[in-house]
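Trainee: Sharing target24.cif here; it has mmCIF, C-alpha atoms.
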data_coords
#
loop_
_atom_site.label_atom_id
_atom_site.label_comp_id
_atom_site.auth_asym_id
_atom_site.auth_seq_id
_atom_site.Cartn_x
_atom_site.Cartn_y
_atom_site.Cartn_z
CA MET S 1 25.32 -30.80 -0.79
CA LEU S 2 27.04 -29.95 -4.07
CA GLU S 3 30.22 -29.06 -2.24
CA GLU S 4 30.21 -32.36 -0.41
CA VAL S 5 29.89 -34.31 -3.67
CA THR S 6 32.60 -32.40 -5.50
CA SER S 7 35.05 -32.64 -2.59
CA HIS S 8 34.86 -36.41 -2.59
CA ASN S 9 34.90 -36.70 -6.39
CA PRO S 10 37.39 -34.14 -7.76
CA ARG S 11 37.34 -33.60 -11.54
CA PRO S 12 39.60 -31.54 -13.82
CA SER S 13 38.35 -28.13 -14.87
CA GLY S 14 36.33 -28.00 -18.02
CA TRP S 15 35.10 -31.59 -17.77
CA LEU S 16 31.44 -30.52 -18.12
CA PRO S 17 29.90 -28.10 -20.64
CA THR S 18 28.61 -24.77 -19.39
CA SER S 19 24.97 -25.69 -20.11
CA PHE S 20 25.22 -28.72 -17.79
CA VAL S 21 26.67 -26.70 -14.88
CA HIS S 22 24.09 -23.94 -15.32
CA SER S 23 21.26 -26.46 -15.42
CA TYR S 24 22.65 -28.27 -12.35
CA ASN S 25 22.85 -25.04 -10.30
CA THR S 26 19.31 -24.12 -11.31
CA GLN S 27 18.09 -27.57 -10.21
CA LEU S 28 19.90 -27.26 -6.87
CA GLN S 29 18.46 -23.83 -6.10
CA SER S 30 14.94 -24.91 -6.96
CA ALA S 31 15.13 -28.06 -4.80
CA PRO S 32 16.95 -27.36 -1.50
CA GLN S 33 15.57 -30.58 0.04
CA LEU S 34 17.72 -32.90 -2.12
CA ASN S 35 18.97 -34.65 0.97
CA CYS S 36 15.45 -36.04 1.53
CA VAL S 37 15.06 -39.71 0.73
CA LEU S 38 11.83 -39.10 -1.17
CA CYS S 39 13.67 -36.91 -3.66
CA ILE S 40 16.19 -39.54 -4.75
CA VAL S 41 14.19 -40.79 -7.71
CA PRO S 42 13.21 -37.34 -9.11
CA CYS S 43 16.80 -36.16 -8.75
CA ALA S 44 18.13 -39.20 -10.50
CA ARG S 45 15.78 -38.51 -13.38
CA ALA S 46 16.91 -34.86 -13.51
CA PHE S 47 20.57 -35.85 -13.56
CA LYS S 48 19.89 -38.36 -16.32
CA ALA S 49 18.19 -35.67 -18.42
CA MET S 50 21.08 -33.25 -17.87
CA ALA S 51 23.61 -35.93 -18.74
CA THR S 52 21.77 -36.51 -21.99
CA GLU S 53 21.96 -32.79 -22.71
CA ALA S 54 25.71 -32.87 -22.02
CA GLU S 55 26.23 -35.68 -24.46
CA ASN S 56 24.33 -33.77 -27.13
CA ASN S 57 26.60 -30.73 -26.59
CA VAL S 58 29.87 -32.61 -27.20
CA PRO S 59 31.99 -30.95 -29.99
CA VAL S 60 31.55 -32.30 -33.52
CA ALA S 61 35.21 -33.30 -33.68
CA MET S 62 34.51 -36.23 -31.41
CA GLU S 63 31.84 -37.51 -33.78
CA THR S 64 34.19 -37.09 -36.76
CA LYS S 65 36.85 -39.11 -34.99
CA GLU S 66 34.42 -41.93 -34.31
CA ILE S 67 33.32 -41.96 -37.95
CA LYS S 68 36.93 -42.17 -39.12
CA GLU S 69 37.55 -45.12 -36.83
CA ASP S 70 34.52 -46.91 -38.27
CA ILE S 71 35.67 -46.51 -41.91
CA PRO S 72 38.23 -49.41 -41.91
CA ALA S 73 35.65 -51.75 -40.41
CA ALA S 74 33.14 -50.82 -43.11
CA GLU S 75 35.76 -51.41 -45.85
CA ALA S 76 36.58 -54.85 -44.41
CA LYS S 77 32.91 -55.81 -44.52
CA ALA S 78 32.64 -54.65 -48.15
CA GLU S 79 35.65 -56.78 -49.13
CA GLU S 80 34.15 -59.86 -47.49
CA ALA S 81 30.89 -59.32 -49.35
CA ALA S 82 32.78 -59.01 -52.68
CA LYS S 83 34.65 -62.25 -52.04
CA GLN S 84 31.42 -64.07 -51.42
CA GLU S 85 29.98 -62.76 -54.71
CA ASN S 86 33.11 -63.79 -56.67
CA ALA S 87 33.01 -67.29 -55.21
CA GLY S 88 29.71 -67.85 -57.03
CA ASP S 89 26.25 -68.44 -55.87
CA ALA S 90 26.62 -71.36 -53.45
CA PRO S 91 23.50 -73.33 -52.67
CA ALA S 92 21.91 -71.85 -49.58
CA ALA S 93 21.56 -74.17 -46.62
CA PRO S 94 17.93 -75.07 -45.97
CA ALA S 95 16.47 -73.13 -43.09
CA LYS S 96 15.80 -75.22 -40.04
CA GLU S 97 12.20 -75.44 -39.08
CA PRO S 98 11.50 -74.35 -35.51
CA ALA S 99 11.06 -77.27 -33.19
CA PRO S 100 7.50 -77.69 -31.91
CA PRO S 101 7.05 -76.49 -28.33
CA LYS S 102 7.51 -79.17 -25.75
CA VAL S 103 4.39 -80.26 -23.94
CA VAL S 104 4.99 -79.61 -20.25
CA VAL S 105 2.40 -81.52 -18.25
CA HIS S 106 2.55 -83.67 -15.17
CA LYS S 107 0.58 -86.51 -16.77
CA SER S 108 2.81 -87.48 -19.68
CA ASN S 109 1.02 -90.75 -20.49
CA TYR S 110 -2.36 -89.09 -20.80
CA GLU S 111 -5.34 -90.54 -22.60
CA LYS S 112 -6.96 -88.48 -25.33
CA ASP S 113 -9.99 -86.37 -24.34
CA VAL S 114 -9.70 -87.40 -20.68
CA VAL S 115 -9.69 -84.53 -18.18
CA TYR S 116 -7.03 -84.93 -15.47
CA LEU S 117 -8.07 -82.92 -12.43
CA TYR S 118 -5.55 -81.68 -9.86
CA GLN S 119 -7.18 -80.69 -6.58
CA PHE S 120 -6.92 -81.06 -2.80
CA SER S 121 -7.18 -84.38 -1.00
CA ARG S 122 -10.46 -85.84 0.27
CA THR S 123 -11.87 -85.32 3.76
CA PRO S 124 -14.20 -87.51 5.84
CA LEU S 125 -17.08 -85.02 5.58
CA LEU S 126 -17.01 -83.69 1.99
CA PRO S 127 -15.02 -84.39 -1.17
CA SER S 128 -12.96 -81.19 -1.07
CA LEU S 129 -12.25 -78.34 1.33
CA SER S 130 -11.88 -76.00 -1.63
CA PRO S 131 -15.14 -74.62 -3.05
CA TYR S 132 -13.36 -74.09 -6.37
CA CYS S 133 -12.16 -77.70 -6.60
CA LEU S 134 -15.60 -78.98 -5.64
CA LYS S 135 -17.12 -76.65 -8.23
CA VAL S 136 -15.02 -78.07 -11.09
CA GLU S 137 -15.58 -81.71 -10.13
CA THR S 138 -19.33 -81.14 -9.73
CA TRP S 139 -19.51 -79.53 -13.17
CA LEU S 140 -17.57 -82.43 -14.71
CA ARG S 141 -20.03 -84.89 -13.21
CA LEU S 142 -23.09 -82.94 -14.32
CA ALA S 143 -21.66 -82.69 -17.84
CA ASN S 144 -20.90 -86.45 -17.85
CA MET S 145 -17.32 -85.81 -18.89
CA LYS S 146 -14.68 -88.49 -18.51
CA TYR S 147 -12.21 -87.31 -15.91
CA GLU S 148 -9.66 -88.65 -13.48
CA ASN S 149 -8.32 -87.14 -10.27
CA VAL S 150 -4.54 -87.11 -9.98
CA ASP S 151 -3.32 -88.03 -6.50
CA HIS S 152 -0.45 -85.56 -6.21
CA LYS S 153 -0.69 -85.06 -2.42
CA MET S 154 -1.07 -81.30 -2.99
CA LYS S 155 2.48 -81.03 -4.36
CA PHE S 156 1.60 -79.45 -7.71
CA ARG S 157 0.17 -76.08 -8.61
CA SER S 158 -0.75 -74.59 -11.95
CA LYS S 159 1.46 -72.11 -13.77
CA LYS S 160 -0.69 -69.47 -12.10
CA GLY S 161 0.02 -71.01 -8.69
CA GLN S 162 -3.54 -72.26 -8.20
CA LEU S 163 -5.62 -75.30 -7.44
CA PRO S 164 -7.62 -76.63 -9.12
CA PHE S 165 -6.23 -76.99 -12.61
CA ILE S 166 -6.74 -79.57 -15.31
CA GLU S 167 -4.70 -81.16 -18.07
CA LEU S 168 -6.47 -82.03 -21.30
CA ASN S 169 -4.64 -83.55 -24.28
CA GLY S 170 -1.29 -82.27 -23.03
CA GLU S 171 -2.52 -78.75 -22.27
CA GLU S 172 -2.89 -77.13 -18.85
CA ILE S 173 -5.95 -75.03 -18.02
CA ALA S 174 -6.11 -73.19 -14.69
CA ASP S 175 -8.76 -71.29 -12.69
CA SER S 176 -12.16 -72.86 -12.09
CA ALA S 177 -14.12 -70.30 -14.13
CA ILE S 178 -11.76 -70.56 -17.10
CA ILE S 179 -11.77 -74.37 -16.88
CA ILE S 180 -15.57 -74.51 -17.14
CA LYS S 181 -15.63 -71.93 -19.92
CA GLU S 182 -12.96 -73.73 -21.98
CA LEU S 183 -14.54 -77.15 -21.55
CA SER S 184 -17.96 -75.77 -22.49
CA GLN S 185 -16.60 -74.24 -25.69
CA ARG S 186 -14.59 -77.31 -26.70
CA THR S 187 -17.25 -79.90 -26.01
CA GLY S 188 -20.42 -77.91 -26.57
CA LEU S 189 -21.70 -78.91 -23.12
CA ASP S 190 -23.31 -75.79 -21.70
CA LEU S 191 -25.35 -76.09 -18.52
CA ASP S 192 -26.75 -72.60 -19.16
CA ALA S 193 -27.90 -73.23 -22.73
CA ALA S 194 -31.59 -72.93 -21.84
CA LEU S 195 -31.21 -69.63 -19.94
CA THR S 196 -32.34 -66.30 -21.32
CA GLN S 197 -29.94 -63.35 -21.45
CA GLU S 198 -31.61 -61.82 -18.39
CA GLN S 199 -31.19 -65.08 -16.46
CA ARG S 200 -27.53 -65.25 -17.51
CA ASN S 201 -27.00 -61.73 -16.18
CA VAL S 202 -28.63 -62.63 -12.86
CA ALA S 203 -26.50 -65.79 -12.65
CA HIS S 204 -23.32 -63.83 -13.35
CA ALA S 205 -24.09 -61.27 -10.64
CA THR S 206 -25.02 -63.95 -8.10
CA ILE S 207 -21.89 -66.00 -8.80
CA SER S 208 -19.83 -62.84 -8.29
CA MET S 209 -21.49 -62.31 -4.92
CA ILE S 210 -20.76 -65.87 -3.86
CA GLU S 211 -17.15 -66.07 -5.06
CA ASN S 212 -16.11 -62.53 -4.20
CA HIS S 213 -17.93 -62.02 -0.92
CA LEU S 214 -19.45 -65.10 0.72
CA VAL S 215 -16.31 -67.17 0.16
CA TRP S 216 -14.26 -64.55 2.02
CA VAL S 217 -16.60 -64.82 4.99
CA LEU S 218 -15.77 -68.53 5.09
CA MET S 219 -12.08 -67.84 4.54
CA TRP S 220 -12.08 -65.37 7.44
CA TRP S 221 -13.46 -68.05 9.77
CA ARG S 222 -10.88 -70.60 8.63
CA THR S 223 -7.91 -68.28 9.16
CA LYS S 224 -9.30 -67.01 12.47
CA TYR S 225 -9.99 -70.45 13.98
CA PRO S 226 -7.64 -73.03 12.42
CA ASP S 227 -8.16 -75.54 15.24
CA GLN S 228 -11.91 -75.58 14.50
CA VAL S 229 -11.15 -76.20 10.82
CA LEU S 230 -9.28 -79.39 11.70
CA LYS S 231 -12.06 -80.55 14.01
CA GLY S 232 -14.95 -79.35 11.87
CA TYR S 233 -13.80 -81.18 8.74
CA LYS S 234 -11.90 -83.99 10.53
CA VAL S 235 -8.85 -83.27 8.42
CA ASN S 236 -6.17 -85.96 8.35
CA LEU S 237 -3.08 -83.97 7.43
CA GLN S 238 -0.90 -87.07 7.30
CA HIS S 239 -3.09 -88.54 4.56
CA ALA S 240 -3.61 -85.23 2.78
CA LEU S 241 0.10 -84.46 2.54
CA GLY S 242 1.22 -88.06 2.01
CA THR S 243 3.80 -87.93 4.79
CA ARG S 244 4.86 -90.11 7.71
CA ILE S 245 5.11 -87.22 10.14
CA PRO S 246 2.68 -87.82 13.04
CA ASN S 247 -0.61 -85.94 12.90
CA GLY S 248 0.06 -84.36 16.29
CA ILE S 249 3.09 -82.51 14.94
CA LEU S 250 1.33 -81.59 11.69
CA ASN S 251 -1.71 -80.28 13.54
CA PHE S 252 0.49 -78.17 15.83
CA PHE S 253 2.27 -76.47 12.95
CA PHE S 254 -1.00 -76.03 11.06
CA LYS S 255 -2.63 -74.24 14.01
CA PHE S 256 0.51 -72.18 14.60
CA ALA S 257 0.98 -71.04 11.01
CA PHE S 258 -2.47 -70.94 9.45
CA GLY S 259 -3.90 -68.20 11.61
CA ARG S 260 -0.81 -65.99 11.83
CA LYS S 261 -0.85 -62.57 10.24
CA TRP S 262 2.16 -63.38 8.08
CA PHE S 263 0.47 -66.45 6.65
CA GLN S 264 -0.64 -66.07 3.05
CA GLY S 265 -4.30 -66.84 3.76
CA ALA S 266 -4.57 -64.31 6.58
CA LYS S 267 -2.83 -61.69 4.44
CA LYS S 268 -5.27 -62.25 1.60
CA VAL S 269 -8.28 -61.95 3.91
CA LYS S 270 -7.01 -58.66 5.28
CA ALA S 271 -6.04 -57.31 1.87
CA GLN S 272 -9.49 -58.17 0.52
CA GLY S 273 -11.04 -56.14 3.33
CA MET S 274 -12.92 -58.84 5.22
CA GLY S 275 -10.13 -59.22 7.78
CA VAL S 276 -10.52 -55.73 9.22
CA HIS S 277 -14.09 -56.29 10.49
CA SER S 278 -15.27 -57.67 13.82
CA PRO S 279 -16.61 -61.24 14.13
CA GLU S 280 -20.17 -59.95 14.49
CA GLU S 281 -19.89 -57.86 11.33
CA VAL S 282 -18.40 -60.70 9.30
CA THR S 283 -21.16 -63.07 10.46
CA LYS S 284 -23.81 -60.52 9.44
CA PHE S 285 -22.23 -60.27 5.96
CA GLY S 286 -22.53 -64.03 5.55
CA GLN S 287 -26.11 -64.15 6.80
CA ASP S 288 -27.14 -61.44 4.34
CA ASP S 289 -25.65 -63.42 1.44
CA LEU S 290 -27.45 -66.58 2.54
CA LYS S 291 -30.74 -64.65 2.79
CA VAL S 292 -30.33 -63.39 -0.79
CA LEU S 293 -29.70 -66.91 -2.10
CA SER S 294 -32.64 -68.29 -0.15
CA ASP S 295 -35.01 -65.64 -1.53
CA MET S 296 -33.80 -66.30 -5.08
CA LEU S 297 -34.26 -70.06 -4.80
CA ALA S 298 -37.68 -69.81 -3.13
CA ASP S 299 -39.53 -73.12 -3.55
CA LYS S 300 -37.87 -74.15 -6.83
CA PRO S 301 -35.68 -77.28 -6.94
CA PHE S 302 -32.93 -75.26 -8.60
CA PHE S 303 -32.37 -71.55 -9.15
CA PHE S 304 -33.78 -71.45 -12.68
CA GLY S 305 -36.18 -74.37 -12.69
CA ASP S 306 -36.03 -78.13 -12.72
CA GLU S 307 -32.48 -78.53 -14.03
CA PRO S 308 -29.24 -77.36 -12.39
CA THR S 309 -27.13 -74.66 -14.01
CA THR S 310 -23.69 -73.21 -13.36
CA LEU S 311 -25.17 -71.06 -10.58
CA ASP S 312 -26.42 -74.18 -8.80
CA VAL S 313 -22.95 -75.72 -9.12
CA VAL S 314 -21.24 -72.66 -7.60
CA ALA S 315 -23.83 -72.31 -4.84
CA PHE S 316 -23.56 -76.00 -3.92
CA ALA S 317 -19.74 -75.93 -3.86
CA ASN S 318 -19.74 -73.03 -1.39
CA LEU S 319 -22.79 -73.92 0.71
CA ALA S 320 -21.42 -77.44 1.20
CA GLN S 321 -18.39 -75.92 2.96
CA ILE S 322 -20.79 -74.41 5.51
CA TYR S 323 -23.38 -77.15 5.85
CA PHE S 324 -21.11 -80.19 6.20
CA ILE S 325 -19.05 -78.87 9.10
CA ASP S 326 -19.19 -81.38 11.95
CA LYS S 327 -22.04 -80.63 14.34
CA GLU S 328 -19.73 -80.84 17.34
CA VAL S 329 -18.11 -77.60 16.12
CA SER S 330 -20.35 -74.56 16.40
CA TYR S 331 -20.50 -72.27 13.39
CA ALA S 332 -22.92 -69.34 13.24
CA LEU S 333 -23.49 -69.48 9.49
CA ARG S 334 -24.35 -73.19 9.53
CA GLU S 335 -26.84 -72.66 12.32
CA TYR S 336 -28.40 -69.71 10.51
CA MET S 337 -28.61 -71.70 7.28
CA THR S 338 -30.33 -74.70 8.87
CA GLU S 339 -32.80 -72.56 10.85
CA HIS S 340 -33.65 -69.74 8.44
CA CYS S 341 -32.75 -71.11 4.98
CA PRO S 342 -34.02 -74.71 4.84
CA ASN S 343 -34.46 -74.45 1.06
CA LEU S 344 -30.69 -73.99 0.71
CA VAL S 345 -30.18 -77.17 2.72
CA GLY S 346 -32.54 -78.90 0.31
CA LEU S 347 -30.53 -77.60 -2.65
CA VAL S 348 -27.31 -78.94 -1.17
CA ASN S 349 -28.81 -82.38 -0.62
CA ARG S 350 -30.33 -82.51 -4.12
CA MET S 351 -27.01 -81.64 -5.75
CA LYS S 352 -25.24 -84.16 -3.54
CA GLU S 353 -27.60 -86.98 -4.51
CA ARG S 354 -27.54 -86.09 -8.19
CA CYS S 355 -23.80 -85.56 -8.65
CA TYR S 356 -22.27 -87.70 -5.91
CA PRO S 357 -24.00 -91.06 -5.52
CA ASP S 358 -20.63 -92.28 -4.21
CA TRP S 359 -20.47 -89.56 -1.52
CA GLU S 360 -20.32 -92.01 1.39
CA ASP S 361 -17.66 -94.08 -0.35
CA ILE S 362 -15.59 -90.95 -0.98
CA CYS S 363 -15.76 -89.81 2.63
CA THR S 364 -15.10 -93.30 4.02
CA THR S 365 -12.23 -94.44 1.81
CA LEU S 366 -10.96 -90.95 0.84
CA ASP S 367 -10.59 -92.34 -2.67
CA LEU S 368 -10.11 -89.66 -5.31
CA ASN S 369 -11.40 -91.87 -8.11
CA SER S 370 -14.29 -93.77 -6.60
CA HIS S 371 -16.35 -92.75 -9.64
CA LEU S 372 -14.19 -94.81 -11.99
CA PRO S 373 -15.33 -98.38 -12.69
CA LYS S 374 -13.63 -101.01 -10.60
CA PRO S 375 -13.21 -104.69 -11.60
CA PRO S 376 -16.22 -106.82 -10.50
CA ALA S 377 -15.92 -108.43 -7.08
CA GLU S 378 -16.65 -111.91 -8.51
CA GLU S 379 -13.71 -111.74 -10.88
CA THR S 380 -11.38 -110.71 -8.12
CA LYS S 381 -12.64 -113.54 -5.92
CA ASP S 382 -12.19 -116.06 -8.75
CA LYS S 383 -8.66 -114.83 -9.30
CA GLU S 384 -7.91 -115.12 -5.61
CA GLY S 385 -9.41 -118.64 -5.58
CA THR S 386 -7.27 -119.81 -8.51
CA LYS S 387 -4.20 -118.39 -6.82
CA ASP S 388 -5.00 -120.27 -3.61
CA GLU S 389 -5.53 -123.52 -5.53
CA LYS S 390 -2.21 -123.14 -7.32
CA GLU S 391 -0.41 -122.44 -4.07
CA GLY S 392 -2.10 -125.49 -2.50
CA ASP S 393 -0.97 -127.71 -5.38
CA LYS S 394 2.57 -126.49 -4.97
CA ASP S 395 2.48 -127.24 -1.25
CA LYS S 396 1.23 -130.76 -1.96
CA GLU S 397 4.05 -131.36 -4.40
CA MET S 398 6.58 -130.24 -1.84
CA GLU S 399 5.16 -132.48 0.91
CA PRO S 400 6.47 -136.13 1.08
CA GLU S 401 4.06 -139.00 0.44
CA ASP S 402 2.37 -140.64 3.44
CA LYS S 403 4.19 -143.80 4.63
CA ASP S 404 2.57 -147.14 5.60
CA PRO S 405 3.06 -147.82 9.37
CA GLU S 406 3.35 -151.61 8.85
CA LYS S 407 6.17 -151.19 6.38
CA GLU S 408 7.96 -148.92 8.83
CA LYS S 409 7.76 -151.61 11.56
CA ALA S 410 9.08 -154.34 9.21
CA ASP S 411 11.97 -152.10 8.21
CA GLU S 412 12.84 -151.49 11.86
CA LYS S 413 12.86 -155.28 12.60
CA GLU S 414 15.19 -155.94 9.67
CA LYS S 415 17.52 -153.26 10.91
CA ASP S 416 17.56 -154.82 14.39
CA LYS S 417 18.38 -158.25 12.92
CA ASP S 418 21.27 -156.84 10.95
CA ILE S 419 22.65 -155.17 14.06
CA GLU S 420 22.48 -158.45 16.07
CA GLU S 421 24.19 -160.46 13.30
CA ASN S 422 27.00 -157.96 13.16
CA LYS S 423 27.46 -158.24 16.93
CA ASP S 424 27.69 -162.05 16.73
CA LYS S 425 30.33 -161.82 14.01
CA ASP S 426 32.36 -159.46 16.13
CA VAL S 427 32.23 -161.82 19.14
CA LYS S 428 33.40 -164.81 17.09
#
Would you mind giving the structure from this file in structure tokens?
Mentor:
Amino acid sequence: MLEEVTSHNPRPSGWLPTSFVHSYNTQLQSAPQLNCVLCIVPCARAFKAMATEAENNVPVAMETKEIKEDIPAAEAKAEEAAKQENAGDAPAAPAKEPAPPKVVVHKSNYEKDVVYLYQFSRTPLLPSLSPYCLKVETWLRLANMKYENVDHKMKFRSKKGQLPFIELNGEEIADSAIIIKELSQRTGLDLDAALTQEQRNVAHATISMIENHLVWVLMWWRTKYPDQVLKGYKVNLQHALGTRIPNGILNFFFKFAFGRKWFQGAKKVKAQGMGVHSPEEVTKFGQDDLKVLSDMLADKPFFFGDEPTTLDVVAFANLAQIYFIDKEVSYALREYMTEHCPNLVGLVNRMKERCYPDWEDICTTLDLNSHLPKPPAEETKDKEGTKDEKEGDKDKEMEPEDKDPEKEKADEKEKDKDIEENKDKDVK
């Protein structure tokens, strides 16, 4: 191999020091498989080390020459410094203060202390198809925080590439767990304030089970059966994406792409490990998780008593994805939950009634901000009535006044008389 390299790249004799050539030959003898692709990187490192050794062995005369060449440049700098001293001490220009960092948010005209939530669009069966988006919005409602959903038609993502994310006072906060943690610290609203340390530990472990295991069981089903996802949640892709493309075309591409191996969701499921199991095994994983949650809840209204905590929020956000699938679509986990875990169904309904009194309105109108106060219906009717009256007055002004029929007949007779008199004059 060495002969092949040197034949294509001839060099004059004496161009490398003896130590470099000796080291190179030693390296070649000790590694006869240099033509292997796997050895490219180690060899490159060896050559780099030997080249460094060669540079260190260059004669001192070269260094002396470089120093001599640098002397005139150093003298020129010294002369410039002396000139500046002789010119006197000029007043130094004031240092410019660094400009404050620009606030990069999507909602530029934000209102102070209002949380702007970016999430997925609504569906006819539940407020969000994402358990993480539903988790954040449920927490905001339980904490009675003022928030507003931004209708971005799923065009925006956080700097981390995620949904949901929020913007608060010109600052972006991403990831559902970090959002809740940051908001709790800033506002002092902690749903877990009454929990003991042992209860907090149990809640942390249970949330990890839900968000790192049960959610992947659901994700596996969604990537495996995309057509059932559209039917089960009655997804209107045209509304969700804010496009005019017909739903038939959108549904076709969704079914084609969502379940393919090269799709991001399917890749994540396989990389996580859930995607390598059989359907029966994945279903058993989900049933075991539901059984654990059911045993923990027992006959209590919420996991730790009479008031909901963060664990109840997370459990509701994920169990709702299972329970509210349309009954026309069969799903093994939903059937297992309704038959063997009725207390979990009760938990879902209690959280729904407590946090989403406008649930039906959300699912009917698909309004992202149905929780915000709307103007009273009476005021809107009064405004519409005044508009109608004004338009009616304008129409009356434009219409001509009604004419008297008797006057019209008299005018016609006078016209006839004038015509006859003119005829008589013409005959004479």
Trainee: Quick one: residues within 6 Å of stretch 301-313 of chain S, only C-alpha atoms, excluding same-chain residues fewer than 4 positions away - as a VMD selection string?
Mentor: chain S and resid 135 191 to 192 203 297
Trainee: Specify as a tab-separated table (two decimals) with C-alpha atoms, keeping the file's coordinate frame each residue included when the PyMOL selection byres ((chain S and resi 315-329) around 7) is applied to this file.
Mentor:
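Output below, filename part-v2.tsv:
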chain	number	residue	atom	x	y	z
S	125	LEU	CA	-17.08	-85.02	5.58
S	126	LEU	CA	-17.01	-83.69	1.99
S	129	LEU	CA	-12.25	-78.34	1.33
S	131	PRO	CA	-15.14	-74.62	-3.05
S	134	LEU	CA	-15.60	-78.98	-5.64
S	135	LYS	CA	-17.12	-76.65	-8.23
S	215	VAL	CA	-16.31	-67.17	0.16
S	228	GLN	CA	-11.91	-75.58	14.50
S	232	GLY	CA	-14.95	-79.35	11.87
S	233	TYR	CA	-13.80	-81.18	8.74
S	311	LEU	CA	-25.17	-71.06	-10.58
S	312	ASP	CA	-26.42	-74.18	-8.80
S	313	VAL	CA	-22.95	-75.72	-9.12
S	314	VAL	CA	-21.24	-72.66	-7.60
S	330	SER	CA	-20.35	-74.56	16.40
S	331	TYR	CA	-20.50	-72.27	13.39
S	333	LEU	CA	-23.49	-69.48	9.49
S	334	ARG	CA	-24.35	-73.19	9.53
S	348	VAL	CA	-27.31	-78.94	-1.17
S	351	MET	CA	-27.01	-81.64	-5.75
Trainee: Compare S:Lys153, S:Ala205, S:Ala143, S:Gln272 by their minimum atom-to-atom distance to S:Gly188, counting all atoms listed in the file, and give me the closest one.
Mentor: S:Ala143
Trainee: For atom CA of S:Phe165 and atom CA of S:Ile179, determine how far apart the two atoms are, in Å to one decimal place.
Mentor: 7.5 Å
Trainee: Between atom CA of S:Leu142 and atom CA of S:Tyr110, what distance in Å does the model show, to one decimal?
Mentor: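 Calculated distance between atom CA of S:Leu142 and atom CA of S:Tyr110 is 22.6 Å.
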Trainee: Hey, which of S:Phe120, S:Gly346, S:Glu281, S:Lys112 ends up closest to S:His152? Count all atoms listed in the file.
Mentor: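 Result for the nearest residue to S:His152: S:Phe120.
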Trainee: Point out the residue among S:Ser184, S:Thr243, S:Asn149, S:Ser294 with the least atom-to-atom distance to S:Ser121, counting only C-alpha atoms.
Mentor: S:Asn149
Trainee: Given the file above and the PyMOL selection byres ((chain S and resi 336) around 12), which residues are selected, and can you give them as a ChimeraX atom specification?
Mentor: /S:283-284,286-291,294,322-323,330-335,337-342,344-345
Trainee: What is the distance, in Å and to one decimal place, between atom CA of S:Cys355 and atom CA of S:Leu218?
Mentor: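 For atom CA of S:Cys355 relative to atom CA of S:Leu218, the distance reads 23.3 Å.
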Trainee: Carefully work through the PyMOL selection byres ((chain S and resi 157) around 12) for this structure and note down the residues it includes, as number ranges by chain.
Mentor: S: 105-106, 117-120, 152-156, 158-167, 172-175
Trainee: Determine the axis-aligned bounding box of all atoms of stretch 366-375 of chain S present in the file, pad each side by 3 Å, and express its centre and edge lengths in Å to one decimal place as JSON.
Mentor:
{"center_x": -13.2, "center_y": -97.2, "center_z": -5.9, "size_x": 12.2, "size_y": 21.0, "size_z": 19.5}
Trainee: Near S:Thr365, counting only C-alpha atoms, which residues have an atom at most 10 Å away, once you skip same-chain residues fewer than 3 positions from it, shown as a list of chain:residue names?
Mentor: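 Residues near the query, excluding close chain neighbours: S:Arg122, S:Thr123, S:Pro124, S:Glu360, S:Asp361, S:Ile362, S:Leu368, S:Ser370.
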Trainee: Find, counting only C-alpha atoms, the residue in S:Glu111, S:Glu148, S:Glu211, S:Glu198 that gets nearest to S:Tyr132.
Mentor: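 Between S:Glu111, S:Glu148, S:Glu211, S:Glu198, the residue approaching S:Tyr132 most closely is S:Glu211.
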